[in-house]
Amino acid sequence: MAVFRSGLLVLTTPLTALVPRLLPILTSAARLVNHTLYVHLQPGMTLGGPTQPQASPLQATFEVLDFITHLYTGADLHRNLDVRILLTNIQTKNTFLPVLSSVQNLAHPPEVVLTDFQTLDGSQYNPVKQQLERYATSCYSCCPQLSSVLLYPDYGTDELSSESQNATSSSTIRPATVLGRSPKQPVRGYRRGAVGGTFDRLHNAHKVLLSVACVLAQEQLVVGVADKDLLKSKVLPELLQPYAERVEHLNEFLVDVKPSLTFDINPLLDPYGPAGSDPTLEFLVISEETYRGGMAVNRFRLENGMEELTLYQIRLLKDQSHSESEEDKVSSSSFRQRMLGNLLKPPNPEVPRGLYVIGLTGISGSGKSSIAKRLKNLGAYVIDTDTLGHRAYAPGGPAYQPVVEAFGPDILHKDSTINRKVLGSRVFGNKKLLKILTDIVWPVIAKLAREEMDLALSKGKALCVIDAAMLLEAGWQNMVHEVWTIIIPETEAIQRIIERDGLSEAAAHSRLQNQMSGQQLVEQSHVVLSTMWEPRVTQRQVEKAWNLLQKRIRQAH
C-alpha cells in the first residue's frame, strides 16, 4: 500500500468509545502517513447515509479537552509523525460561530483522507469513500488527487497496551477547586488569553498546552516564547533551536489548528511576560510544573492593580521511553539529550577519504581528554595537540627559535626551555602579542599533526582523532571530516577548572571568557557530546557516536 507524506484523519466514533481504540487507529494511520497527520473530530457523523454529511459544531467540554490529551499521548508513540488536531469546529458554550464556512487552507495539504468509520462488512466501500473525500475537500484544502482509506477493520486487530491506558486515564485540566467536574461540563470561552514556554522542537506536550489555549481563546492568543536569560538554566541550551526557528514552527502549528484566532507571539524575557502586564488578558494556560509561576503572575497583577487571570493547569504527558538521565515527562530537554552523538550536519566533503579524521574540541574543563581516552579504547588513533605543542616548544623544536626571537630570552628557564607560564602571562589579554604567538605555533602544530596522520595511515589505521582545544580558533576544521564538540554548563566547567588547576573562580572564569563559547563551538560542529552526567551515561553517548560513525565510514566506502 502507498505511503503518503500528509494525511487527514476524520474520527466519527463517539469520544468515549474512541479512547480505547485510539492507539490502534493511530498505528494504522502511521503505516500510511509518514510526515503530517491532521485530525478532524466529528463524533457521530455517518458516511453511509443518503445525504452528504456537513461539518457541524462540536461543543468544547472537559471530555473533549481530555480526548485531545489522549490523542496526543498516543501520538507520542509515533514521534516521526507530526500530529495536529484541527480545532475550528470545537467551540465553547458562549461562542458558536459558523463552522468551516469556507475551505480551510493547511500548511501541508492532505494527500489521503482516512477515517475510523465502520462499514457493515469492513470493506473499502466506494460510496462511503466518495462521501469521505467530498467531506474532506469541503472542509480543507487537499491535494487534487486525494486518496481515501477506511481504516476499519485494520485498527481492530491491535490492543491498547496497559501503559498507554494508564497514560490516558487522568484528566487534562486539574480542577481549580476541590469540587469535581463532569466530563460533559461545557468549557467557557474567553476573548483573550495567554500561554508561554520555550517551545523547542515542538512536541506533543506543547501541542496539548497550545490546543487547550486555542479552544479557550475566541479572538486572540498571546504566546510568550522564552529567550535569552530565560534559556540559561535549560539542559543543553547550546542545542536549542534559534528563537526565529521556534517561532516559525509554532506559528505554522497555531494557524493550522485554529486560523480564526489572531496570534501575538512575543519573546519571553522575564518570568511574567505579557501575562503580567496586559490588563486585557483573561486566562493563562500553565503546566503542572509552572503552576507556581502562574500564581506569581497573579500576585504581580494584583500588586499592579490588575485582575487575576483564570489559571488552567494542564497535566504533564508521561514519556514511556525515557532513559535514566532523562525526565519522565515528554520534554524538549530529553529530545536534546537524544541528539547527543548524532550527526547534525554532513561531513566535510573536501577532506581526502584515505584516513577518516575527527576533530575533538570543547571548552576548558569540558572533559575532552576523557572522551579522547574512550575513543582510543574503542580503536581510534588519537593525536594529542598538547603533546605536539610540547614538541614544538622544546629546544630544537620547530617553534622554539621563532618564539624566543619574538618574545626574548626572559621567557626561558635556566635550562633554556621555554617557560610556558611566563609566556602565557605575557600574551594573556594582549590580542596583538597572542596573534604573534599563534601565527608561529598553530601552523607548526598543524604540520606535526599531518605528519602524525601520515604515520597513522602507514600503520593501517582507518580513523584518527585530533584532540585540540583550539581546533576551530586555529582553523584546523579544514583538516578534519567531522568536528566533535564536548559541552557542559559554564558553572560546571569553572568548578572543574578550579579543582583541576587550582585557579581562583575569577581566573577560571577569565580563562573561559578568552575561548570560544560552547554555543559558538556547537554552531560549527557535526557531533555534540556532553560529560555532565554519570560516567556510564557518557560512555553510552560515546559508543552511540562511535557506532554511527562506523556506519557512515562503511557507507562512504
# chains A, B, ... in the order shown; residues from 1 in each chain; ligands from 1
$ select_by_dssp --residues "range 217-374 of chain A" --states "alpha helix (DSSP H)" --output "short mmCIF file (atom, residue, chain, number, x, y, z; two decimals) with C-alpha atoms, in the first residue's frame"
data_model
loop_
_atom_site.label_atom_id
_atom_site.label_comp_id
_atom_site.auth_asym_id
_atom_site.auth_seq_id
_atom_site.Cartn_x
_atom_site.Cartn_y
_atom_site.Cartn_z
CA TYR A 243 14.24 31.81 18.56
CA ALA A 244 13.16 32.57 14.97
CA GLU A 245 13.01 28.87 14.10
CA ARG A 246 10.93 28.05 17.20
CA VAL A 247 8.51 30.87 16.37
CA GLU A 248 8.20 29.72 12.75
CA HIS A 249 7.21 26.16 13.77
CA LEU A 250 4.90 27.47 16.49
CA ASN A 251 3.13 29.88 14.16
CA GLU A 252 2.59 27.22 11.49
CA PHE A 253 1.03 24.86 14.05
CA LEU A 254 -1.25 27.52 15.55
CA VAL A 255 -2.50 28.85 12.20
CA ASP A 256 -3.18 25.27 11.08
CA VAL A 257 -5.21 24.24 14.13
CA TYR A 291 1.81 26.36 38.38
CA ARG A 292 3.84 28.37 40.90
CA GLY A 293 4.85 30.72 38.11
CA GLY A 294 1.18 31.22 37.25
CA MET A 295 0.40 32.04 40.88
CA ALA A 296 3.31 34.52 40.89
CA VAL A 297 1.91 36.19 37.75
CA ASN A 298 -1.44 36.68 39.52
CA ARG A 299 0.21 38.13 42.62
CA PHE A 300 2.16 40.51 40.38
CA ARG A 301 -1.06 41.57 38.59
CA LEU A 302 -2.86 42.23 41.89
CA GLU A 303 0.07 44.32 43.13
CA SER A 332 12.38 19.14 24.88
CA SER A 333 15.42 18.62 27.13
CA SER A 334 15.10 14.85 26.62
CA PHE A 335 14.92 15.39 22.87
CA ARG A 336 18.11 17.47 23.04
CA GLN A 337 19.82 14.73 25.04
CA ARG A 338 18.87 12.26 22.31
CA MET A 339 20.68 14.46 19.79
CA LYS A 368 37.60 16.44 26.27
CA SER A 369 40.56 14.31 27.35
CA SER A 370 38.30 11.69 28.95
CA ILE A 371 36.30 11.44 25.70
CA ALA A 372 39.55 11.06 23.75
CA LYS A 373 40.55 8.15 26.03
CA ARG A 374 37.17 6.47 25.49
#
$ closest_atom_pairs --of "range 347-383 of chain A" --to "range 504-514 of chain A" --cutoff "10 Å" --atoms "only C-alpha atoms" --output "tab-separated table"
residue	atom	partner	partner_atom	distance
A:Ile363	CA	A:Leu512	CA	7.0
A:Ser364	CA	A:Leu512	CA	6.7
A:Gly365	CA	A:Leu512	CA	9.2
$ write_last_selection --atoms "C-alpha atoms" --output "JSON list (two decimals), in the first residue's frame"
[["chain", "number", "residue", "atom", "x", "y", "z"],
["A", 363, "ILE", "CA", 35.72, 24.48, 26.32],
["A", 364, "SER", "CA", 38.26, 24.13, 29.12],
["A", 365, "GLY", "CA", 37.01, 21.65, 31.74]]
$ residues_around --residues "Ile418 in chain A" --least-positions-apart "5" --cutoff "12 Å" --atoms "only C-alpha atoms" --output "number ranges by chain"
A: 389-397, 399-405, 407-413, 423-424
$ write_last_selection --atoms "N, CA and C atoms" --output "short mmCIF file (atom, residue, chain, number, x, y, z; two decimals), in the first residue's frame"
data_model
loop_
_atom_site.label_atom_id
_atom_site.label_comp_id
_atom_site.auth_asym_id
_atom_site.auth_seq_id
_atom_site.Cartn_x
_atom_site.Cartn_y
_atom_site.Cartn_z
N GLY A 389 52.29 20.36 20.92
CA GLY A 389 52.72 21.69 21.33
C GLY A 389 54.01 21.64 22.15
N HIS A 390 54.11 20.65 23.06
CA HIS A 390 55.33 20.49 23.85
C HIS A 390 56.52 20.20 22.95
N ARG A 391 56.31 19.36 21.93
CA ARG A 391 57.39 19.06 20.97
C ARG A 391 57.79 20.32 20.21
N ALA A 392 56.79 21.11 19.84
CA ALA A 392 57.07 22.32 19.06
C ALA A 392 57.88 23.34 19.87
N TYR A 393 57.57 23.46 21.18
CA TYR A 393 58.24 24.43 22.06
C TYR A 393 59.60 23.94 22.56
N ALA A 394 59.85 22.65 22.50
CA ALA A 394 61.08 22.09 23.07
C ALA A 394 62.30 22.63 22.33
N PRO A 395 63.45 22.77 23.04
CA PRO A 395 64.68 23.21 22.37
C PRO A 395 64.95 22.36 21.13
N GLY A 396 65.19 23.02 20.02
CA GLY A 396 65.38 22.30 18.76
C GLY A 396 64.09 22.02 18.04
N GLY A 397 62.97 22.25 18.72
CA GLY A 397 61.66 22.05 18.09
C GLY A 397 61.38 23.13 17.06
N ALA A 399 59.11 25.33 16.65
CA ALA A 399 58.60 26.64 17.07
C ALA A 399 59.55 27.33 18.06
N TYR A 400 60.57 26.62 18.55
CA TYR A 400 61.40 27.13 19.65
C TYR A 400 62.10 28.44 19.29
N GLN A 401 62.88 28.43 18.23
CA GLN A 401 63.68 29.61 17.90
C GLN A 401 62.80 30.80 17.49
N PRO A 402 61.75 30.60 16.65
CA PRO A 402 60.89 31.76 16.31
C PRO A 402 60.22 32.38 17.54
N VAL A 403 59.80 31.57 18.52
CA VAL A 403 59.14 32.09 19.72
C VAL A 403 60.14 32.88 20.57
N VAL A 404 61.36 32.35 20.76
CA VAL A 404 62.38 33.05 21.56
C VAL A 404 62.75 34.37 20.91
N GLU A 405 62.88 34.37 19.57
CA GLU A 405 63.21 35.61 18.87
C GLU A 405 62.08 36.64 19.00
N PHE A 407 59.79 36.86 21.51
CA PHE A 407 59.42 37.27 22.87
C PHE A 407 60.63 37.47 23.78
N GLY A 408 61.81 37.18 23.32
CA GLY A 408 63.00 37.48 24.09
C GLY A 408 63.44 36.34 25.00
N PRO A 409 64.71 36.38 25.44
CA PRO A 409 65.26 35.29 26.25
C PRO A 409 64.71 35.22 27.67
N ASP A 410 63.99 36.27 28.14
CA ASP A 410 63.48 36.24 29.51
C ASP A 410 62.28 35.30 29.67
N ILE A 411 61.85 34.66 28.59
CA ILE A 411 60.77 33.66 28.71
C ILE A 411 61.36 32.26 28.93
N LEU A 412 62.71 32.17 29.05
CA LEU A 412 63.37 30.87 29.17
C LEU A 412 63.67 30.52 30.63
N HIS A 413 63.59 29.19 30.92
CA HIS A 413 64.11 28.68 32.19
C HIS A 413 65.63 28.70 32.13
N LEU A 423 55.38 32.85 29.36
CA LEU A 423 54.92 33.18 28.01
C LEU A 423 53.40 33.42 27.99
N GLY A 424 52.69 32.56 28.70
CA GLY A 424 51.23 32.69 28.76
C GLY A 424 50.80 33.98 29.40
#
$ select_by_dssp --residues "range 281-515 of chain A" --states "strand (DSSP E)" --output "PyMOL selection string"
chain A and resi 283-287+310-314+356-362+381-384+463-467+482-487
$ closest_residue --among "A:Ala493, A:Leu15, A:Leu216, A:Ala446" --to "Gln91 in chain A" --atoms "only C-alpha atoms"
A:Leu216
$ closest_residue --among "A:Arg192, A:His35, A:Lys447, A:Lys234" --to "Pro279 in chain A" --atoms "only C-alpha atoms"
A:Arg192
$ closest_atom_pairs --of "range 283-363 of chain A" --to "range 527-539 of chain A" --cutoff "12 Å" --atoms "only C-alpha atoms" --output "CSV"
residue,atom,partner,partner_atom,distance
A:Ser323,CA,A:Val537,CA,9.7
A:Glu324,CA,A:Val537,CA,8.6
A:Ser325,CA,A:Trp533,CA,7.3
A:Glu326,CA,A:Trp533,CA,10.3
A:Arg336,CA,A:Val528,CA,10.3
A:Gln337,CA,A:Ser530,CA,8.8
A:Arg338,CA,A:Leu529,CA,10.2
A:Met339,CA,A:Val528,CA,7.7
A:Leu340,CA,A:Leu529,CA,5.1
A:Gly341,CA,A:Val527,CA,5.7
A:Asn342,CA,A:Val527,CA,5.9
A:Leu343,CA,A:Val527,CA,5.2
A:Leu344,CA,A:Val527,CA,5.9
A:Lys345,CA,A:Val527,CA,8.1
A:Pro346,CA,A:Val527,CA,10.0
A:Pro347,CA,A:Val527,CA,9.8
A:Ile358,CA,A:Val527,CA,9.8
A:Gly359,CA,A:Val527,CA,10.1
A:Leu360,CA,A:Val527,CA,9.5
A:Thr361,CA,A:Val528,CA,9.8
A:Gly362,CA,A:Leu529,CA,9.5
A:Ile363,CA,A:Ser530,CA,11.2
$ write_last_selection --atoms "N, CA and C atoms" --output "PDB file, in the first residue's frame"
ATOM      1  N   SER A 323      15.114   7.561  29.217  1.00  0.00           N
ATOM      2  CA  SER A 323      16.267   6.851  29.792  1.00  0.00           C
ATOM      3  C   SER A 323      16.535   7.382  31.199  1.00  0.00           C
ATOM      4  N   GLU A 324      17.530   6.778  31.871  1.00  0.00           N
ATOM      5  CA  GLU A 324      17.785   7.131  33.271  1.00  0.00           C
ATOM      6  C   GLU A 324      18.218   8.586  33.454  1.00  0.00           C
ATOM      7  N   SER A 325      18.850   9.181  32.457  1.00  0.00           N
ATOM      8  CA  SER A 325      19.321  10.565  32.590  1.00  0.00           C
ATOM      9  C   SER A 325      18.296  11.567  32.082  1.00  0.00           C
ATOM     10  N   GLU A 326      17.145  11.084  31.606  1.00  0.00           N
ATOM     11  CA  GLU A 326      16.122  11.957  31.047  1.00  0.00           C
ATOM     12  C   GLU A 326      14.947  12.105  32.005  1.00  0.00           C
ATOM     13  N   ARG A 336      16.751  16.958  23.268  1.00  0.00           N
ATOM     14  CA  ARG A 336      18.106  17.473  23.037  1.00  0.00           C
ATOM     15  C   ARG A 336      19.148  16.461  23.489  1.00  0.00           C
ATOM     16  N   GLN A 337      18.880  15.767  24.604  1.00  0.00           N
ATOM     17  CA  GLN A 337      19.823  14.731  25.036  1.00  0.00           C
ATOM     18  C   GLN A 337      19.951  13.637  23.989  1.00  0.00           C
ATOM     19  N   ARG A 338      18.834  13.313  23.322  1.00  0.00           N
ATOM     20  CA  ARG A 338      18.873  12.258  22.308  1.00  0.00           C
ATOM     21  C   ARG A 338      19.626  12.681  21.055  1.00  0.00           C
ATOM     22  N   MET A 339      19.879  13.986  20.915  1.00  0.00           N
ATOM     23  CA  MET A 339      20.684  14.461  19.785  1.00  0.00           C
ATOM     24  C   MET A 339      22.170  14.197  20.009  1.00  0.00           C
ATOM     25  N   LEU A 340      22.575  14.023  21.273  1.00  0.00           N
ATOM     26  CA  LEU A 340      23.994  13.811  21.578  1.00  0.00           C
ATOM     27  C   LEU A 340      24.485  12.539  20.892  1.00  0.00           C
ATOM     28  N   GLY A 341      25.577  12.676  20.153  1.00  0.00           N
ATOM     29  CA  GLY A 341      26.133  11.534  19.429  1.00  0.00           C
ATOM     30  C   GLY A 341      25.640  11.412  18.004  1.00  0.00           C
ATOM     31  N   ASN A 342      24.541  12.104  17.679  1.00  0.00           N
ATOM     32  CA  ASN A 342      24.011  12.057  16.314  1.00  0.00           C
ATOM     33  C   ASN A 342      24.787  12.994  15.399  1.00  0.00           C
ATOM     34  N   LEU A 343      24.768  12.696  14.104  1.00  0.00           N
ATOM     35  CA  LEU A 343      25.366  13.583  13.117  1.00  0.00           C
ATOM     36  C   LEU A 343      24.393  14.727  12.856  1.00  0.00           C
ATOM     37  N   LEU A 344      24.827  15.980  13.098  1.00  0.00           N
ATOM     38  CA  LEU A 344      23.943  17.134  12.988  1.00  0.00           C
ATOM     39  C   LEU A 344      23.993  17.791  11.610  1.00  0.00           C
ATOM     40  N   LYS A 345      25.072  17.571  10.873  1.00  0.00           N
ATOM     41  CA  LYS A 345      25.177  18.088   9.502  1.00  0.00           C
ATOM     42  C   LYS A 345      26.170  17.213   8.741  1.00  0.00           C
ATOM     43  N   PRO A 346      26.152  17.235   7.404  1.00  0.00           N
ATOM     44  CA  PRO A 346      27.008  16.329   6.621  1.00  0.00           C
ATOM     45  C   PRO A 346      28.491  16.579   6.872  1.00  0.00           C
ATOM     46  N   PRO A 347      29.309  15.520   6.804  1.00  0.00           N
ATOM     47  CA  PRO A 347      30.755  15.671   6.976  1.00  0.00           C
ATOM     48  C   PRO A 347      31.359  16.580   5.907  1.00  0.00           C
ATOM     49  N   ILE A 358      38.545  12.879  12.794  1.00  0.00           N
ATOM     50  CA  ILE A 358      37.634  13.582  13.701  1.00  0.00           C
ATOM     51  C   ILE A 358      38.419  14.643  14.447  1.00  0.00           C
ATOM     52  N   GLY A 359      37.888  15.856  14.488  1.00  0.00           N
ATOM     53  CA  GLY A 359      38.476  16.908  15.310  1.00  0.00           C
ATOM     54  C   GLY A 359      37.686  17.023  16.589  1.00  0.00           C
ATOM     55  N   LEU A 360      38.329  16.755  17.730  1.00  0.00           N
ATOM     56  CA  LEU A 360      37.651  16.746  19.026  1.00  0.00           C
ATOM     57  C   LEU A 360      37.993  18.027  19.786  1.00  0.00           C
ATOM     58  N   THR A 361      36.958  18.776  20.184  1.00  0.00           N
ATOM     59  CA  THR A 361      37.215  20.046  20.860  1.00  0.00           C
ATOM     60  C   THR A 361      36.167  20.282  21.948  1.00  0.00           C
ATOM     61  N   GLY A 362      36.329  21.378  22.672  1.00  0.00           N
ATOM     62  CA  GLY A 362      35.416  21.712  23.764  1.00  0.00           C
ATOM     63  C   GLY A 362      36.036  22.781  24.639  1.00  0.00           C
ATOM     64  N   ILE A 363      35.193  23.459  25.420  1.00  0.00           N
ATOM     65  CA  ILE A 363      35.715  24.484  26.317  1.00  0.00           C
ATOM     66  C   ILE A 363      36.581  23.825  27.391  1.00  0.00           C
TER      67      ILE A 363
END
$ residues_around --residues "Ala205 in chain A" --least-positions-apart "3" --cutoff "8 Å" --atoms "only C-alpha atoms" --output "JSON, numbers by chain"
{"A": [72, 73, 208, 209, 316, 317, 330, 331]}
$ residues_around --residues "Gln54 in chain A" --least-positions-apart "6" --cutoff "9 Å" --atoms "only C-alpha atoms" --output "list of chain:residue names"
A:Met45, A:Tyr135, A:Ser138, A:Cys139
$ closest_residue --among "A:Leu503, A:Leu65, A:Leu77, A:Val222" --to "Tyr312 in chain A" --atoms "only C-alpha atoms"
A:Leu65
$ residues_around --residues "Pro50 in chain A" --least-positions-apart "6" --cutoff "12 Å" --atoms "only C-alpha atoms" --output "ChimeraX atom specification"
/A:127-128,131
$ write_last_selection --atoms "N, CA, C and O atoms" --output "CSV table (one decimal), in the first residue's frame"
chain,number,residue,atom,x,y,z
A,127,PRO,N,-19.0,4.1,-2.2
A,127,PRO,CA,-19.8,5.3,-1.9
A,127,PRO,C,-19.4,5.9,-0.6
A,127,PRO,O,-19.5,7.2,-0.5
A,128,VAL,N,-19.0,5.2,0.4
A,128,VAL,CA,-18.5,5.7,1.7
A,128,VAL,C,-17.3,6.5,1.4
A,128,VAL,O,-17.1,7.7,1.9
A,131,GLN,N,-18.1,9.8,-0.2
A,131,GLN,CA,-18.6,10.8,0.7
A,131,GLN,C,-17.5,11.4,1.6
A,131,GLN,O,-17.4,12.6,1.9
$ atom_distance --atom1 "CA of Val195 in chain A" --atom2 "CA of Leu26 in chain A"
27.8 Å
$ closest_residue --among "A:His78, A:His70, A:Lys93, A:Arg353" --to "Gln185 in chain A" --atoms "only C-alpha atoms"
A:Lys93
$ closest_residue --among "A:Leu434, A:Ile445, A:Val522, A:Met479" --to "Asn348 in chain A" --atoms "only C-alpha atoms"
A:Met479
